[in-house]
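*Asks:* Could you have a look at this structure, given as structure tokens, before my questions?
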Amino acid sequence: MACQLKFYVHCSFSIQAKREIHLTEQISLFLWKMTKPQTLDKYSRSGAYKLTCPDCNKAYVGQTGRSFTQRFKEHKNAFRSNINTSNYAKHALEHSHPFGPIHETMQILQCQGKGAHLNTIERYFIYKEFSKNNHLNDEFNITPTKFSIPY
Ligand SMILES: [Zn+2]
């Protein structure tokens with residue numbers, strides 16, 4: 001009788017211990033998923049992007065073959081240094097509009113490596129903003145002949 005009771009207590013303890021270990025593993029996995037670093041940061045990729053002014057919603061469309069983060073920093077440096085290398089920075093400075101942080105200002109339109117395909121994607125999105133009369137891009141980037149099909 002005592003032996004059976006001992007066996008029961010042992011089994012019961014083992015099952016309870018396994019449940020606790022399983023629960024601990026699940027909590028640990030959940031915490032890891034919640035706190036793990038983002039290994040595939042969307043801003044680390046290249047492609048077409050849109051910078052939208054947080055004040056007036058005017059938009060600049062651009063492309064980069066490097067990371068979106070790097071290109072954003074270049075726009076920001078143009079804003080801080082007041083150098084004429086970014087139409088978006090120029091707009092913000094001329095109208096005293098805020099530059100805005102990357103996660104609020106920069107929208108990734110499409111991830112793509114540098115090349116003809118990315119050029120076409122960029123032109124499409126520039127034209128889209130142009131047709132809404134909402135663009136900050138240079139006028140020479142928006143000529144309709146660039147969008148016509150040669151057939
Ligand atoms: Zn603005």
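Following the order of the structure tokens, first chain is A, next is B, and so on, with residues numbered from 1 inside each chain and ligands from 1 in the order they appear.
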List all protein, DNA and RNA residues that have any atom at most 12 Å from ligand 1, counting only C-alpha atoms and all ligand atoms, and write the list as a ChimeraX atom specification.
*Replies:* /A:51-60,87-100,105,134-136
*Asks:* Please report the interatomic distance between atom CA of A:Arg66 and atom CA of A:Ile83 in Å with one decimal.
*Replies:*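 Calculated distance between atom CA of A:Arg66 and atom CA of A:Ile83 is 21.0 Å.
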*Asks:* Mind checking which residues fall within 8 Å of A:Thr69, counting only C-alpha atoms, ignoring those fewer than 2 positions away in the same chain, and posting them as number ranges by chain?
*Replies:* A: 43-44, 67, 71-73, 102
*Asks:* Give me every strand (DSSP E) residue in stretch 19-149 of chain A, going by DSSP on the backbone, as a list in words.
*Replies:* Gly47, Ala48, Tyr49, Lys50, Leu51, Thr52, Ala59, Tyr60, Val61, Gly62, Gln63, Thr64, Met106, Gln107, Ile108, Leu109, Gln110 and Cys111 of chain A
*Asks:* Based on the selection just made, write N, CA and C atoms of those residues as a PDB file, in the first residue's frame.
*Replies:*
ATOM      1  N   GLY A  47      14.766  50.087 -52.649  1.00  0.00           N
ATOM      2  CA  GLY A  47      13.572  50.142 -53.476  1.00  0.00           C
ATOM      3  C   GLY A  47      13.031  51.552 -53.611  1.00  0.00           C
ATOM      4  N   ALA A  48      11.733  51.652 -53.868  1.00  0.00           N
ATOM      5  CA  ALA A  48      11.076  52.948 -54.039  1.00  0.00           C
ATOM      6  C   ALA A  48      10.398  53.355 -52.736  1.00  0.00           C
ATOM      7  N   TYR A  49      10.471  54.644 -52.438  1.00  0.00           N
ATOM      8  CA  TYR A  49       9.918  55.136 -51.177  1.00  0.00           C
ATOM      9  C   TYR A  49       9.205  56.466 -51.401  1.00  0.00           C
ATOM     10  N   LYS A  50       8.413  56.823 -50.420  1.00  0.00           N
ATOM     11  CA  LYS A  50       7.719  58.115 -50.462  1.00  0.00           C
ATOM     12  C   LYS A  50       7.934  58.820 -49.127  1.00  0.00           C
ATOM     13  N   LEU A  51       8.325  60.087 -49.185  1.00  0.00           N
ATOM     14  CA  LEU A  51       8.449  60.908 -47.983  1.00  0.00           C
ATOM     15  C   LEU A  51       7.257  61.865 -47.974  1.00  0.00           C
ATOM     16  N   THR A  52       6.474  61.812 -46.925  1.00  0.00           N
ATOM     17  CA  THR A  52       5.277  62.641 -46.844  1.00  0.00           C
ATOM     18  C   THR A  52       5.444  63.669 -45.739  1.00  0.00           C
ATOM     19  N   ALA A  59       4.177  65.081 -51.074  1.00  0.00           N
ATOM     20  CA  ALA A  59       4.987  63.868 -51.078  1.00  0.00           C
ATOM     21  C   ALA A  59       6.129  63.935 -52.074  1.00  0.00           C
ATOM     22  N   TYR A  60       7.236  63.372 -51.676  1.00  0.00           N
ATOM     23  CA  TYR A  60       8.390  63.213 -52.551  1.00  0.00           C
ATOM     24  C   TYR A  60       8.584  61.715 -52.766  1.00  0.00           C
ATOM     25  N   VAL A  61       8.708  61.284 -53.998  1.00  0.00           N
ATOM     26  CA  VAL A  61       8.942  59.877 -54.310  1.00  0.00           C
ATOM     27  C   VAL A  61      10.385  59.731 -54.783  1.00  0.00           C
ATOM     28  N   GLY A  62      11.058  58.740 -54.271  1.00  0.00           N
ATOM     29  CA  GLY A  62      12.445  58.501 -54.657  1.00  0.00           C
ATOM     30  C   GLY A  62      12.760  57.025 -54.688  1.00  0.00           C
ATOM     31  N   GLN A  63      13.990  56.741 -55.028  1.00  0.00           N
ATOM     32  CA  GLN A  63      14.449  55.354 -55.054  1.00  0.00           C
ATOM     33  C   GLN A  63      15.855  55.285 -54.497  1.00  0.00           C
ATOM     34  N   THR A  64      16.223  54.123 -53.999  1.00  0.00           N
ATOM     35  CA  THR A  64      17.585  53.907 -53.537  1.00  0.00           C
ATOM     36  C   THR A  64      17.986  52.456 -53.768  1.00  0.00           C
ATOM     37  N   MET A 106       8.601  58.234 -43.856  1.00  0.00           N
ATOM     38  CA  MET A 106       8.996  57.417 -45.002  1.00  0.00           C
ATOM     39  C   MET A 106       8.105  56.189 -45.152  1.00  0.00           C
ATOM     40  N   GLN A 107       7.461  56.130 -46.293  1.00  0.00           N
ATOM     41  CA  GLN A 107       6.647  54.962 -46.613  1.00  0.00           C
ATOM     42  C   GLN A 107       7.363  54.176 -47.703  1.00  0.00           C
ATOM     43  N   ILE A 108       7.543  52.891 -47.473  1.00  0.00           N
ATOM     44  CA  ILE A 108       8.179  52.052 -48.483  1.00  0.00           C
ATOM     45  C   ILE A 108       7.112  51.654 -49.497  1.00  0.00           C
ATOM     46  N   LEU A 109       7.324  52.048 -50.738  1.00  0.00           N
ATOM     47  CA  LEU A 109       6.340  51.766 -51.793  1.00  0.00           C
ATOM     48  C   LEU A 109       6.543  50.371 -52.359  1.00  0.00           C
ATOM     49  N   GLN A 110       7.789  50.024 -52.612  1.00  0.00           N
ATOM     50  CA  GLN A 110       8.090  48.673 -53.093  1.00  0.00           C
ATOM     51  C   GLN A 110       9.570  48.387 -52.911  1.00  0.00           C
ATOM     52  N   CYS A 111       9.869  47.197 -52.419  1.00  0.00           N
ATOM     53  CA  CYS A 111      11.262  46.775 -52.287  1.00  0.00           C
ATOM     54  C   CYS A 111      11.724  46.204 -53.620  1.00  0.00           C
TER      55      CYS A 111
END
*Asks:* Calculate how many Å separate atom CA of A:Gln16 from atom CA of A:Leu31, rounding to one decimal.
*Replies:* 22.4 Å
